[in-house]
>>> print(open('run13.cif').read())   # mmCIF, C-alpha atoms
data_query
#
loop_
_atom_site.label_atom_id
_atom_site.label_comp_id
_atom_site.auth_asym_id
_atom_site.auth_seq_id
_atom_site.Cartn_x
_atom_site.Cartn_y
_atom_site.Cartn_z
CA MET B 259 4.43 18.56 -14.78
CA ARG B 260 6.21 15.23 -15.31
CA ILE B 261 5.75 11.82 -13.74
CA ASP B 262 8.26 8.97 -13.58
CA PRO B 263 7.27 5.65 -15.19
CA PHE B 264 5.70 3.35 -12.61
CA GLY B 265 8.41 0.70 -12.49
CA LEU B 266 6.45 -1.98 -10.64
CA GLU B 267 3.44 -1.72 -12.93
CA ARG B 268 5.67 -1.85 -16.01
CA TRP B 269 7.37 -4.97 -14.59
CA PHE B 270 3.98 -6.59 -14.06
CA ALA B 271 2.89 -5.58 -17.56
CA GLU B 272 5.97 -7.32 -18.97
CA TYR B 273 5.45 -10.62 -17.17
CA GLU B 274 2.20 -10.94 -15.23
CA HIS B 275 -0.17 -11.99 -18.00
CA GLU B 276 1.99 -14.81 -19.33
CA ALA B 277 3.28 -16.26 -16.05
CA ASP B 278 1.60 -19.17 -14.27
CA ILE B 279 1.89 -17.84 -10.72
CA MET B 280 1.81 -14.27 -9.41
CA LEU B 281 4.01 -14.39 -6.31
CA ALA B 282 4.43 -10.62 -6.15
CA GLU B 283 0.79 -9.63 -5.55
CA SER B 284 0.62 -7.40 -2.48
CA GLY B 285 -2.92 -8.18 -1.28
CA ILE B 286 -4.89 -11.07 0.13
CA ARG B 287 -6.50 -13.52 -2.30
CA SER B 288 -9.71 -12.22 -3.86
CA LEU B 289 -13.10 -13.18 -2.43
CA ASP B 290 -15.68 -14.66 -4.75
CA ALA B 291 -18.41 -12.25 -5.86
CA SER B 292 -21.07 -14.86 -5.10
CA ARG B 293 -20.66 -14.08 -1.41
CA PHE B 294 -22.39 -10.72 -1.91
CA ASP B 295 -25.62 -9.27 -3.25
CA LEU B 296 -24.53 -7.78 -6.58
CA ASP B 297 -27.69 -5.89 -7.54
CA PRO B 298 -27.38 -2.18 -6.70
CA GLY B 299 -30.48 -1.25 -8.71
CA LYS B 300 -30.28 1.37 -11.45
CA LEU B 301 -26.79 1.83 -12.84
CA GLY B 302 -26.44 5.55 -12.30
CA TYR B 303 -23.82 7.67 -10.59
CA VAL B 304 -23.41 7.54 -6.84
CA ILE B 305 -25.30 10.62 -5.63
CA PRO B 306 -23.96 12.72 -3.99
CA THR B 307 -20.75 12.06 -5.87
CA ASN B 308 -18.58 12.00 -2.73
CA GLY B 309 -20.52 8.95 -1.52
CA ASP B 310 -23.69 8.02 0.34
CA PRO B 311 -23.89 10.40 3.37
CA GLU B 312 -25.01 7.75 5.86
CA PHE B 313 -22.30 5.38 4.71
CA ARG B 314 -19.68 8.15 4.88
CA ALA B 315 -20.82 8.89 8.43
CA SER B 316 -20.47 5.21 9.32
CA VAL B 317 -16.92 5.10 7.90
CA GLY B 318 -16.12 8.41 9.57
CA ASP B 319 -17.00 6.95 12.96
CA ARG B 320 -14.00 4.68 12.62
CA TYR B 321 -11.77 7.76 12.70
CA ASP B 322 -13.79 9.98 15.04
CA ARG B 323 -14.61 12.00 11.94
CA SER B 324 -17.87 13.25 10.46
CA ALA B 325 -19.41 12.35 7.10
CA ASP B 326 -18.02 15.58 5.64
CA GLU B 327 -14.52 14.42 6.59
CA VAL B 328 -14.74 11.31 4.39
CA LEU B 329 -14.54 11.08 0.60
CA PHE B 330 -15.13 7.78 -1.20
CA THR B 331 -12.69 7.09 -4.02
CA CYS B 332 -11.78 4.47 -6.62
CA GLY B 333 -9.27 2.61 -4.48
CA THR B 334 -6.42 3.88 -2.33
CA GLN B 335 -4.50 4.98 -5.41
CA GLU B 336 -7.07 7.66 -6.20
CA ALA B 337 -7.37 8.58 -2.52
CA ASN B 338 -3.65 9.30 -2.35
CA PHE B 339 -3.60 11.06 -5.71
CA LEU B 340 -6.44 13.40 -4.78
CA THR B 341 -4.85 14.15 -1.42
CA PHE B 342 -1.56 15.09 -3.05
CA LEU B 343 -3.41 17.26 -5.56
CA SER B 344 -5.17 18.99 -2.69
CA LEU B 345 -2.01 19.64 -0.68
CA LEU B 346 0.68 20.10 -3.35
CA GLY B 347 -0.91 20.49 -6.77
CA ASP B 348 -3.18 23.39 -6.05
CA GLU B 349 -2.45 27.10 -6.25
CA HIS B 350 -4.42 27.46 -3.03
CA ALA B 351 -3.38 24.35 -1.12
CA VAL B 352 -4.75 23.78 2.36
CA ASP B 353 -2.47 24.48 5.30
CA GLY B 354 -2.41 22.50 8.52
CA ASP B 355 -4.88 24.81 10.26
CA GLY B 356 -7.47 24.38 7.53
CA GLY B 357 -6.75 27.76 5.92
CA GLU B 358 -5.43 28.55 2.46
CA ALA B 359 -1.73 28.44 1.66
CA GLY B 360 -0.02 29.13 -1.65
CA VAL B 361 2.18 26.51 -3.29
CA GLY B 362 5.24 28.60 -2.52
CA SER B 363 4.73 28.01 1.20
CA GLY B 364 3.71 24.37 0.98
CA ALA B 365 5.07 22.52 -2.05
CA HIS B 366 7.38 20.18 -0.16
CA ALA B 367 6.74 16.59 0.95
CA VAL B 368 8.70 14.32 3.25
CA VAL B 369 8.23 10.68 2.22
CA VAL B 370 9.37 7.68 4.24
CA THR B 371 10.85 5.09 1.85
CA PRO B 372 11.08 2.37 0.63
CA THR B 373 7.41 2.49 -0.19
CA TYR B 374 4.89 2.10 -2.97
CA GLN B 375 6.20 4.23 -5.82
CA ALA B 376 3.08 6.37 -6.16
CA LEU B 377 3.63 7.71 -2.65
CA HIS B 378 6.82 9.49 -3.71
CA ALA B 379 6.48 9.82 -7.50
CA VAL B 380 3.17 11.72 -7.41
CA PRO B 381 4.24 14.38 -4.87
CA ASP B 382 7.55 14.66 -6.72
CA ALA B 383 5.59 15.53 -9.87
CA PHE B 384 3.79 18.35 -8.07
CA GLY B 385 6.52 19.71 -5.83
CA ASP B 386 9.73 18.86 -4.01
CA VAL B 387 10.28 15.57 -2.15
CA THR B 388 12.77 14.68 0.56
CA ARG B 389 13.04 10.97 1.29
CA VAL B 390 13.69 9.52 4.71
CA GLU B 391 15.07 6.03 4.20
CA LEU B 392 14.24 3.12 6.46
CA GLU B 393 17.35 1.05 7.11
CA PRO B 394 17.55 -2.74 6.95
CA PRO B 395 17.32 -5.13 8.65
CA GLU B 396 14.79 -3.58 11.08
CA TRP B 397 13.37 -0.85 8.80
CA GLU B 398 12.61 1.22 11.90
CA LEU B 399 10.85 4.58 11.59
CA ASP B 400 12.99 7.42 12.98
CA PRO B 401 10.92 10.48 13.96
CA GLU B 402 14.10 12.52 14.43
CA ALA B 403 15.14 11.87 10.84
CA VAL B 404 11.67 12.95 9.69
CA ALA B 405 11.99 16.13 11.78
CA GLU B 406 15.37 16.90 10.20
CA ALA B 407 13.91 16.45 6.72
CA ALA B 408 10.86 18.66 7.36
CA ARG B 409 11.02 22.31 6.32
CA ASP B 410 8.96 25.45 6.74
CA ASP B 411 7.37 24.80 3.35
CA THR B 412 6.57 21.13 4.08
CA ALA B 413 2.92 20.49 3.29
CA VAL B 414 2.74 16.77 3.99
CA ILE B 415 4.68 13.93 5.59
CA VAL B 416 3.91 10.54 4.01
CA VAL B 417 4.13 7.15 5.71
CA ASN B 418 2.82 3.76 4.56
CA ASN B 419 1.94 1.71 7.67
CA PRO B 420 2.22 -1.28 7.61
CA ASN B 421 4.95 -0.70 5.09
CA ASN B 422 5.05 -1.98 1.54
CA PRO B 423 7.43 -3.66 0.63
CA THR B 424 9.06 -4.53 3.98
CA GLY B 425 5.99 -5.51 6.01
CA ARG B 426 7.25 -3.36 8.89
CA TYR B 427 4.45 -2.14 11.20
CA HIS B 428 5.76 1.08 12.75
CA ASP B 429 4.70 1.31 16.38
CA GLU B 430 2.14 3.90 17.41
CA ASP B 431 4.56 5.88 19.59
CA ALA B 432 6.79 6.48 16.56
CA MET B 433 3.80 7.36 14.40
CA ARG B 434 2.52 9.86 16.95
CA ALA B 435 5.99 11.39 17.19
CA VAL B 436 5.96 11.87 13.40
CA TYR B 437 2.48 13.37 13.71
CA ASP B 438 3.90 15.89 16.19
CA VAL B 439 6.52 16.83 13.59
CA ALA B 440 3.70 17.53 11.12
CA VAL B 441 1.92 19.70 13.69
CA ASP B 442 5.12 21.63 14.44
CA ARG B 443 5.57 22.34 10.72
CA ASP B 444 1.89 23.20 10.19
CA ALA B 445 1.73 20.28 7.77
CA TYR B 446 -0.26 17.04 7.52
CA LEU B 447 0.66 13.44 8.18
CA LEU B 448 -0.76 11.28 5.38
CA CYS B 449 -0.74 7.58 6.18
CA ASP B 450 -1.61 4.95 3.58
CA GLU B 451 -3.16 2.31 5.86
CA VAL B 452 -4.32 -0.19 3.28
CA TYR B 453 -2.72 -3.13 5.18
CA ARG B 454 -3.65 -1.96 8.71
CA LEU B 455 -6.55 -4.34 9.29
CA LEU B 456 -4.49 -7.41 8.42
CA ALA B 457 -2.71 -6.92 11.75
CA GLU B 458 -4.03 -9.01 14.64
CA ASP B 459 -4.09 -5.90 16.83
CA PRO B 460 -4.47 -2.87 14.52
CA GLN B 461 -3.24 0.48 15.77
CA SER B 462 -5.35 3.62 15.87
CA PRO B 463 -5.64 5.17 12.39
CA VAL B 464 -3.73 8.40 11.81
CA ALA B 465 -6.91 10.32 10.94
CA SER B 466 -7.98 9.83 14.56
CA TYR B 467 -4.84 11.52 15.92
CA GLY B 468 -6.11 15.06 15.39
CA ALA B 469 -6.56 17.90 12.93
CA HIS B 470 -3.32 17.19 11.04
CA GLY B 471 -3.96 13.48 10.43
CA ILE B 472 -5.11 11.97 7.12
CA SER B 473 -5.78 8.28 6.51
CA THR B 474 -6.23 6.64 3.12
CA THR B 475 -7.27 3.05 2.56
CA SER B 476 -9.51 0.73 0.56
CA LEU B 477 -11.09 -2.71 0.57
CA THR B 478 -8.37 -4.03 -1.73
CA LYS B 479 -5.63 -5.49 0.47
CA ALA B 480 -7.12 -6.54 3.82
CA TYR B 481 -10.59 -7.47 2.55
CA GLY B 482 -9.67 -9.24 -0.69
CA LEU B 483 -11.93 -7.01 -2.78
CA ALA B 484 -9.53 -5.39 -5.23
CA GLY B 485 -12.03 -5.49 -8.09
CA LEU B 486 -14.42 -3.16 -6.28
CA ARG B 487 -11.97 -0.27 -6.67
CA PHE B 488 -13.45 1.22 -3.50
CA GLY B 489 -11.49 3.31 -1.03
CA TRP B 490 -11.60 6.57 0.88
CA ILE B 491 -9.86 9.56 2.39
CA ALA B 492 -10.54 10.39 6.04
CA GLY B 493 -9.20 13.66 7.37
CA PRO B 494 -9.86 17.35 7.96
CA GLU B 495 -12.86 18.73 6.11
CA PRO B 496 -10.90 21.42 4.16
CA VAL B 497 -8.61 18.73 2.70
CA VAL B 498 -11.49 16.38 1.93
CA GLU B 499 -13.53 19.17 0.36
CA ARG B 500 -10.66 20.17 -1.92
CA ALA B 501 -10.02 16.53 -2.82
CA TRP B 502 -13.70 16.27 -3.82
CA ARG B 503 -13.25 19.24 -6.15
CA TRP B 504 -10.37 17.42 -7.83
CA LYS B 505 -12.38 14.21 -8.00
CA ASP B 506 -14.89 16.03 -10.22
CA TYR B 507 -12.13 15.92 -12.84
CA THR B 508 -11.06 12.30 -12.31
CA THR B 509 -13.68 9.62 -11.67
CA ILE B 510 -16.54 11.98 -10.66
CA SER B 511 -18.05 9.44 -8.23
CA PRO B 512 -17.05 6.15 -6.65
CA SER B 513 -18.19 2.93 -8.26
CA LEU B 514 -21.88 2.19 -7.69
CA PHE B 515 -21.12 -1.54 -7.47
CA GLY B 516 -18.19 -0.77 -5.21
CA GLN B 517 -20.26 1.21 -2.74
CA HIS B 518 -23.05 -1.39 -2.81
CA VAL B 519 -20.73 -4.28 -1.95
CA ALA B 520 -18.63 -2.16 0.42
CA LYS B 521 -21.70 -1.57 2.61
CA GLN B 522 -21.99 -5.33 2.96
CA ALA B 523 -18.27 -5.92 3.54
CA LEU B 524 -18.15 -3.23 6.24
CA GLY B 525 -21.39 -4.40 7.81
CA ARG B 526 -22.22 -7.66 9.55
CA ARG B 527 -19.85 -9.61 7.27
CA GLU B 528 -16.77 -7.61 8.24
CA ASP B 529 -15.61 -9.55 11.30
CA GLY B 530 -15.84 -12.84 9.44
CA ILE B 531 -14.00 -11.53 6.37
CA LEU B 532 -11.16 -10.05 8.41
CA ARG B 533 -10.86 -13.10 10.65
CA GLU B 534 -10.67 -15.38 7.61
CA ASN B 535 -8.09 -13.19 5.89
CA ARG B 536 -5.94 -12.74 8.99
CA GLU B 537 -5.87 -16.50 9.52
CA LEU B 538 -4.81 -17.03 5.91
CA ALA B 539 -2.10 -14.38 6.20
CA ALA B 540 -0.78 -15.87 9.45
CA ALA B 541 -0.65 -19.43 8.09
CA HIS B 542 1.06 -18.29 4.89
CA ARG B 543 3.53 -16.17 6.85
CA GLU B 544 4.67 -19.32 8.65
CA THR B 545 5.02 -21.14 5.34
CA VAL B 546 7.16 -18.38 3.84
CA ALA B 547 9.20 -18.03 7.05
CA ALA B 548 10.17 -21.69 6.81
CA TRP B 549 11.01 -21.25 3.12
CA VAL B 550 13.16 -18.17 3.81
CA ASP B 551 14.97 -19.98 6.61
CA GLY B 552 15.42 -23.09 4.47
CA HIS B 553 17.31 -21.08 1.84
CA ASP B 554 19.33 -19.13 4.43
CA LEU B 555 17.79 -15.82 3.34
CA ASP B 556 16.95 -12.79 5.48
CA TRP B 557 13.77 -10.81 6.05
CA LEU B 558 11.89 -8.86 8.71
CA ASP B 559 8.94 -10.96 9.89
CA PRO B 560 6.17 -8.88 8.30
CA VAL B 561 2.69 -7.65 9.14
CA GLY B 562 0.39 -8.03 6.17
CA VAL B 563 1.15 -10.22 3.17
CA ASN B 564 4.37 -8.70 1.79
CA ALA B 565 7.96 -9.45 2.67
CA PHE B 566 11.25 -7.97 1.47
CA VAL B 567 13.74 -10.83 1.18
CA THR B 568 17.46 -10.90 0.43
CA VAL B 569 18.52 -12.29 -2.95
CA PRO B 570 19.98 -15.83 -2.89
CA ASP B 571 23.65 -16.42 -3.67
CA GLY B 572 24.48 -17.06 -7.30
CA PHE B 573 22.55 -14.17 -8.81
CA ASP B 574 23.70 -10.71 -9.86
CA GLY B 575 21.11 -8.79 -7.86
CA ALA B 576 17.33 -8.91 -7.59
CA GLU B 577 16.54 -8.05 -11.20
CA SER B 578 18.68 -10.94 -12.48
CA PHE B 579 17.14 -13.30 -9.93
CA CYS B 580 13.54 -12.27 -10.65
CA ARG B 581 14.01 -12.45 -14.43
CA THR B 582 15.49 -15.92 -14.09
CA VAL B 583 12.59 -17.04 -11.89
CA VAL B 584 9.89 -15.78 -14.24
CA GLU B 585 11.61 -17.00 -17.40
CA GLU B 586 12.54 -20.44 -16.08
CA ALA B 587 9.77 -21.12 -13.54
CA SER B 588 6.92 -18.86 -14.77
CA VAL B 589 6.62 -17.24 -11.33
CA VAL B 590 6.50 -13.45 -10.91
CA LEU B 591 8.42 -11.81 -8.04
CA ALA B 592 9.06 -8.07 -7.64
CA PRO B 593 12.74 -7.04 -7.86
CA GLY B 594 13.90 -4.74 -5.11
CA HIS B 595 15.56 -2.19 -7.37
CA LEU B 596 12.03 -0.94 -8.05
CA PHE B 597 11.97 0.10 -4.38
CA GLY B 598 15.58 1.28 -4.25
CA PHE B 599 17.10 -1.95 -2.88
CA PRO B 600 18.70 -3.98 -5.69
CA ASN B 601 19.71 -6.88 -3.41
CA ARG B 602 16.21 -7.71 -2.17
CA PHE B 603 12.98 -8.88 -3.75
CA ARG B 604 9.36 -8.50 -2.69
CA ILE B 605 7.31 -11.61 -2.27
CA GLY B 606 3.55 -11.57 -1.71
CA PHE B 607 1.96 -14.45 0.15
CA GLY B 608 -1.72 -13.58 0.19
CA LEU B 609 -2.58 -15.76 -2.80
CA PRO B 610 -4.44 -19.11 -2.50
CA THR B 611 -2.52 -21.74 -0.54
CA ASP B 612 -1.98 -24.18 -3.39
CA GLU B 613 -0.61 -21.42 -5.62
CA LEU B 614 1.70 -20.19 -2.86
CA GLU B 615 3.12 -23.65 -2.24
CA GLU B 616 3.58 -24.38 -5.95
CA GLY B 617 5.21 -20.98 -6.48
CA LEU B 618 7.65 -21.46 -3.60
CA ASP B 619 8.57 -24.92 -4.88
CA ARG B 620 9.31 -23.55 -8.34
CA VAL B 621 11.45 -20.72 -6.96
CA SER B 622 13.30 -23.27 -4.81
CA ASP B 623 14.10 -25.26 -7.94
CA VAL B 624 15.64 -22.17 -9.54
CA ILE B 625 17.71 -21.39 -6.43
CA GLU B 626 18.92 -24.98 -6.13
CA ALA B 627 19.79 -25.19 -9.82
CA ALA B 628 21.88 -22.02 -9.49
CA ALA B 629 23.65 -23.43 -6.44
CA GLU B 630 24.46 -26.65 -8.29
CA SER B 631 25.76 -24.69 -11.26
CA ASP B 632 28.01 -22.62 -8.99
CA ALA B 633 29.29 -25.75 -7.29
CA THR B 634 30.09 -27.36 -10.63
CA ALA B 635 31.86 -24.24 -11.85
CA THR B 636 33.91 -24.09 -8.63
CA THR B 637 35.01 -27.74 -8.75
CA GLY B 638 35.53 -27.76 -12.51
CA GLY B 639 33.01 -30.56 -13.12
CA ASP B 640 33.12 -34.26 -12.26
CA ASP B 641 36.07 -35.32 -14.44
#
>>> encode(input="run13.cif", output="structure tokens")
Amino acid sequence: MRIDPFGLERWFAEYEHEADIMLAESGIRSLDASRFDLDPGKLGYVIPTNGDPEFRASVGDRYDRSADEVLFTCGTQEANFLTFLSLLGDEHAVDGDGGEAGVGSGAHAVVVTPTYQALHAVPDAFGDVTRVELEPPEWELDPEAVAEAARDDTAVIVVNNPNNPTGRYHDEDAMRAVYDVAVDRDAYLLCDEVYRLLAEDPQSPVASYGAHGISTTSLTKAYGLAGLRFGWIAGPEPVVERAWRWKDYTTISPSLFGQHVAKQALGRREDGILRENRELAAAHRETVAAWVDGHDLDWLDPVGVNAFVTVPDGFDGAESFCRTVVEEASVVLAPGHLFGFPNRFRIGFGLPTDELEEGLDRVSDVIEAAAESDATATTGGDD
């Protein structure tokens, strides 16, 4: 088995720790730990290791699923990884009817891209991946293209909704049409829904669609609780059970602190947290929209706190632009070549307001300096 280097994480590793402002972060700003009770008692494993049964039942209710159809994980990243292991990386992977299917009859994944690299790199390491590309400027999900890409040996169709990096929120009719494709192929629809609750009117989660639906998410992006490393898989019991077997070889149990604080965040505090974070996201979206318009750039007005913006004139693609910005202005952006689009960059606007405004001002200075340099070069100077 081989895995491609995670380009975005390597980019962050190169620049994030030295830069002043992280304008590529894909989640909402972090909540302060003082807002929660941080004493979970004895620091043992979570027992049972798939998570507290009553809490799993409570989370399962959100998807019309039982406690046995929920597995708590260390963030969405582990949730997705374990799901792919269960469906593609196992000699006895689970077929769409909950039975056993060998890898030879289910080692193929259809992945809608651009998306977070792990959602195509991990299944590609275990099996065969066919990508279905969203097309700018609307980035619209095409169920017919997904159907054409699906095969008899397709085990899973993968969609990130709302989408990272574009911020596109695929409508529920399109999502249900893709679900029907999964049913027709006796496969699963896996939807990474980590940004779903930042929408003002969230759609039904995919795990609630039926037996072939799997939802993964965490408290990282919409709740501002990345440091908890707390997420989950919700889906059919055979998939969740097999994912739990794999989890025995990864993190064994979810974080005790994570589960303790998650119970509070998903309890009486939830409405207030989500309202606060949605208001922040909406206000910052307006700020970035004005900035994008002011520099005559293009984007799709996003849901969540990510946007995929065209590169300004005067730069040789997104990588050149983003390197110039971080080296001259100490602001980190994410170049679009890491998502397969070298003429766009991802900007995250969930950070604190003062940091967002300062970061945008610094990037503006870089853009304006480049424009002045181009103008001088065109006119041959002032003499």
>>> resolve_selection(input="run13.cif", expression="the PyMOL selection byres ((chain B and resi 311-324) around 9)", output="list in words")
Pro306, Asn308, Gly309, Asp310, Ala325, Asp326, Glu327, Val328, Leu329, Phe330, Ser462, Pro463, Val464, Ala465, Ser466, Tyr467, Ser473, Trp490, Ala492, Gly493, Pro494, Glu495, Gln517, Lys521 and Leu524 of chain B
>>> residues_near_point(input="run13.cif", point="(13.8, 19.7, -2.7)", cutoff="12 Å", atoms="all atoms listed in the file", output="PyMOL selection string")
chain B and resi 364-369+381-389+407-409+411-412
>>> write_last_selection(input="run13.cif", atoms="C-alpha atoms", output="mmCIF file, in the coordinates of the input")
data_model
loop_
_atom_site.group_PDB
_atom_site.id
_atom_site.type_symbol
_atom_site.label_atom_id
_atom_site.label_comp_id
_atom_site.auth_asym_id
_atom_site.auth_seq_id
_atom_site.Cartn_x
_atom_site.Cartn_y
_atom_site.Cartn_z
ATOM 1 C CA GLY B 364 3.710 24.370 0.980
ATOM 2 C CA ALA B 365 5.070 22.520 -2.050
ATOM 3 C CA HIS B 366 7.380 20.180 -0.160
ATOM 4 C CA ALA B 367 6.740 16.590 0.950
ATOM 5 C CA VAL B 368 8.700 14.320 3.250
ATOM 6 C CA VAL B 369 8.230 10.680 2.220
ATOM 7 C CA PRO B 381 4.240 14.380 -4.870
ATOM 8 C CA ASP B 382 7.550 14.660 -6.720
ATOM 9 C CA ALA B 383 5.590 15.530 -9.870
ATOM 10 C CA PHE B 384 3.790 18.350 -8.070
ATOM 11 C CA GLY B 385 6.520 19.710 -5.830
ATOM 12 C CA ASP B 386 9.730 18.860 -4.010
ATOM 13 C CA VAL B 387 10.280 15.570 -2.150
ATOM 14 C CA THR B 388 12.770 14.680 0.560
ATOM 15 C CA ARG B 389 13.040 10.970 1.290
ATOM 16 C CA ALA B 407 13.910 16.450 6.720
ATOM 17 C CA ALA B 408 10.860 18.660 7.360
ATOM 18 C CA ARG B 409 11.020 22.310 6.320
ATOM 19 C CA ASP B 411 7.370 24.800 3.350
ATOM 20 C CA THR B 412 6.570 21.130 4.080
#
>>> closest_residue(input="run13.cif", among="B:Ala432, B:Pro593, B:Leu614, B:Ile305", to="Asp574 (chain B)", atoms="all atoms listed in the file")
B:Pro593
>>> closest_residue(input="run13.cif", among="B:Leu281, B:Tyr427, B:Asp297, B:Leu343", to="Asp612 (chain B)", atoms="all atoms listed in the file")
B:Leu281
>>> resolve_selection(input="run13.cif", expression="the PyMOL selection byres ((chain B and resi 621) around 12)", output="VMD selection string")
chain B and resid 279 to 281 546 549 to 550 553 569 to 570 579 to 591 605 614 to 620 622 to 628
>>> build_atoms(input="run13.cif", residues="region 307-314 of chain B", atoms="all heavy atoms", output="PDB file, in the coordinates of the input")
ATOM      1  N   THR B 307     -21.883  12.721  -5.228  1.00  0.00           N
ATOM      2  CA  THR B 307     -20.750  12.060  -5.870  1.00  0.00           C
ATOM      3  C   THR B 307     -19.584  11.795  -4.910  1.00  0.00           C
ATOM      4  O   THR B 307     -18.639  11.096  -5.276  1.00  0.00           O
ATOM      5  CB  THR B 307     -20.241  12.893  -7.050  1.00  0.00           C
ATOM      6  OG1 THR B 307     -19.906  14.216  -6.602  1.00  0.00           O
ATOM      7  CG2 THR B 307     -21.289  12.955  -8.145  1.00  0.00           C
ATOM      8  N   ASN B 308     -19.630  12.340  -3.698  1.00  0.00           N
ATOM      9  CA  ASN B 308     -18.580  12.000  -2.730  1.00  0.00           C
ATOM     10  C   ASN B 308     -18.936  10.746  -1.933  1.00  0.00           C
ATOM     11  O   ASN B 308     -18.155  10.288  -1.101  1.00  0.00           O
ATOM     12  CB  ASN B 308     -18.301  13.165  -1.779  1.00  0.00           C
ATOM     13  CG  ASN B 308     -19.527  13.639  -1.034  1.00  0.00           C
ATOM     14  OD1 ASN B 308     -20.659  13.281  -1.367  1.00  0.00           O
ATOM     15  ND2 ASN B 308     -19.318  14.466  -0.017  1.00  0.00           N
ATOM     16  N   GLY B 309     -20.129  10.178  -2.185  1.00  0.00           N
ATOM     17  CA  GLY B 309     -20.520   8.950  -1.520  1.00  0.00           C
ATOM     18  C   GLY B 309     -21.782   9.112  -0.692  1.00  0.00           C
ATOM     19  O   GLY B 309     -22.144  10.220  -0.277  1.00  0.00           O
ATOM     20  N   ASP B 310     -22.471   8.004  -0.450  1.00  0.00           N
ATOM     21  CA  ASP B 310     -23.690   8.020   0.340  1.00  0.00           C
ATOM     22  C   ASP B 310     -23.428   8.643   1.719  1.00  0.00           C
ATOM     23  O   ASP B 310     -22.526   8.193   2.436  1.00  0.00           O
ATOM     24  CB  ASP B 310     -24.196   6.585   0.516  1.00  0.00           C
ATOM     25  CG  ASP B 310     -25.404   6.515   1.423  1.00  0.00           C
ATOM     26  OD1 ASP B 310     -26.516   6.782   0.948  1.00  0.00           O
ATOM     27  OD2 ASP B 310     -25.215   6.215   2.616  1.00  0.00           O
ATOM     28  N   PRO B 311     -24.178   9.684   2.118  1.00  0.00           N
ATOM     29  CA  PRO B 311     -23.890  10.400   3.370  1.00  0.00           C
ATOM     30  C   PRO B 311     -23.941   9.509   4.611  1.00  0.00           C
ATOM     31  O   PRO B 311     -23.083   9.635   5.503  1.00  0.00           O
ATOM     32  CB  PRO B 311     -24.969  11.484   3.418  1.00  0.00           C
ATOM     33  CG  PRO B 311     -25.376  11.685   1.998  1.00  0.00           C
ATOM     34  CD  PRO B 311     -25.259  10.338   1.354  1.00  0.00           C
ATOM     35  N   GLU B 312     -24.930   8.626   4.688  1.00  0.00           N
ATOM     36  CA  GLU B 312     -25.010   7.750   5.860  1.00  0.00           C
ATOM     37  C   GLU B 312     -23.838   6.788   5.907  1.00  0.00           C
ATOM     38  O   GLU B 312     -23.298   6.498   6.989  1.00  0.00           O
ATOM     39  CB  GLU B 312     -26.334   6.995   5.851  1.00  0.00           C
ATOM     40  CG  GLU B 312     -27.551   7.866   6.108  1.00  0.00           C
ATOM     41  CD  GLU B 312     -28.829   7.049   6.236  1.00  0.00           C
ATOM     42  OE1 GLU B 312     -28.737   5.799   6.228  1.00  0.00           O
ATOM     43  OE2 GLU B 312     -29.900   7.657   6.345  1.00  0.00           O
ATOM     44  N   PHE B 313     -23.435   6.301   4.758  1.00  0.00           N
ATOM     45  CA  PHE B 313     -22.300   5.380   4.710  1.00  0.00           C
ATOM     46  C   PHE B 313     -21.002   6.117   5.046  1.00  0.00           C
ATOM     47  O   PHE B 313     -20.144   5.606   5.763  1.00  0.00           O
ATOM     48  CB  PHE B 313     -22.234   4.721   3.340  1.00  0.00           C
ATOM     49  CG  PHE B 313     -21.284   3.562   3.255  1.00  0.00           C
ATOM     50  CD1 PHE B 313     -20.985   2.771   4.361  1.00  0.00           C
ATOM     51  CD2 PHE B 313     -20.696   3.236   2.036  1.00  0.00           C
ATOM     52  CE1 PHE B 313     -20.113   1.691   4.263  1.00  0.00           C
ATOM     53  CE2 PHE B 313     -19.833   2.154   1.924  1.00  0.00           C
ATOM     54  CZ  PHE B 313     -19.536   1.392   3.042  1.00  0.00           C
ATOM     55  N   ARG B 314     -20.863   7.347   4.533  1.00  0.00           N
ATOM     56  CA  ARG B 314     -19.680   8.150   4.880  1.00  0.00           C
ATOM     57  C   ARG B 314     -19.633   8.419   6.382  1.00  0.00           C
ATOM     58  O   ARG B 314     -18.558   8.388   7.002  1.00  0.00           O
ATOM     59  CB  ARG B 314     -19.658   9.462   4.106  1.00  0.00           C
ATOM     60  CG  ARG B 314     -19.193   9.303   2.660  1.00  0.00           C
ATOM     61  CD  ARG B 314     -18.969  10.629   1.970  1.00  0.00           C
ATOM     62  NE  ARG B 314     -20.215  11.305   1.659  1.00  0.00           N
ATOM     63  CZ  ARG B 314     -20.654  12.408   2.230  1.00  0.00           C
ATOM     64  NH1 ARG B 314     -19.925  12.992   3.181  1.00  0.00           N
ATOM     65  NH2 ARG B 314     -21.801  12.948   1.877  1.00  0.00           N
TER      66      ARG B 314
END
